[in-house]
Amino acid sequence: EYPIDVTTRYTEVPEGAIGPDATELLETLLAASPSADPYDLAVTMQEYLSSDRFRYTTDLTGVECDDPSAVECFARTRQGYCLHYASTMAMLLRAANPGNPIPTRLVQGFLPGDRTGATETVRNRSAHAWVEVYFPGYGWIPFDPTGGGVGQPSEIPAGPVVPSAAPSPARSDSGEEDPDPSRRLGL
């Protein structure tokens, strides 16, 4: 079970984000996954998208795509850069199980820079996008589906599952227990 604040914020699939080509890609990925487990599905998507079935390119000037959805366009043309790979994976994971969507977010940052002694120089060309998937008991785990040798999949060390913490009851100013748990969470 996912925390309500995570599902509220990270499971929406905007209207029109998933069209026929993205739906077909999702069906292919669901069939390729060893199970419906969210982790297995995320690993399958990461491996499939980073394979040679897709072409990494930052020059999309010749790409014809009249669909307004970046996810649908990427699923159709199968070419793009990190933002296209990550956006597609995030939306497909969210759409994979409509009854219980997988909380996923797109993250933008930088790949490691050049180190000289204690100084690291990070350049604009190192800008990158990847995906984080939420797993109860583990938190946000990064996945990088970017192809073309750009993606850097992370390994998750083995360890015991840590149960999600249940919020403890809070007291209002009157000393009574607050009946609205969303106030305790700052929502």
# chains A, B, ... in the order shown; residues from 1 in each chain; ligands from 1
>>> residues_around(residues="stretch 104-114 of chain A", least_positions_apart="3", cutoff="12 Å", atoms="only C-alpha atoms", output="JSON, numbers by chain")
{"A": [2, 6, 7, 8, 9, 10, 11, 12, 13, 38, 39, 42, 82, 83, 84, 85, 86, 87, 88, 89, 90, 91, 92, 93, 94, 95, 96, 101, 117, 118, 119, 120, 121, 122, 123, 124, 125, 126, 127, 128, 129, 130, 131, 132, 133, 134, 135, 139, 140, 141, 142, 143, 144, 145, 150, 151, 152, 153]}
>>> residues_around(residues="stretch 20-25 of chain A", least_positions_apart="5", cutoff="7 Å", atoms="only C-alpha atoms", output="count of residues only")
4
>>> closest_residue(among="A:Thr116, A:Thr77, A:Asn97, A:Thr28", to="A:Arg55", atoms="only C-alpha atoms")
A:Thr77
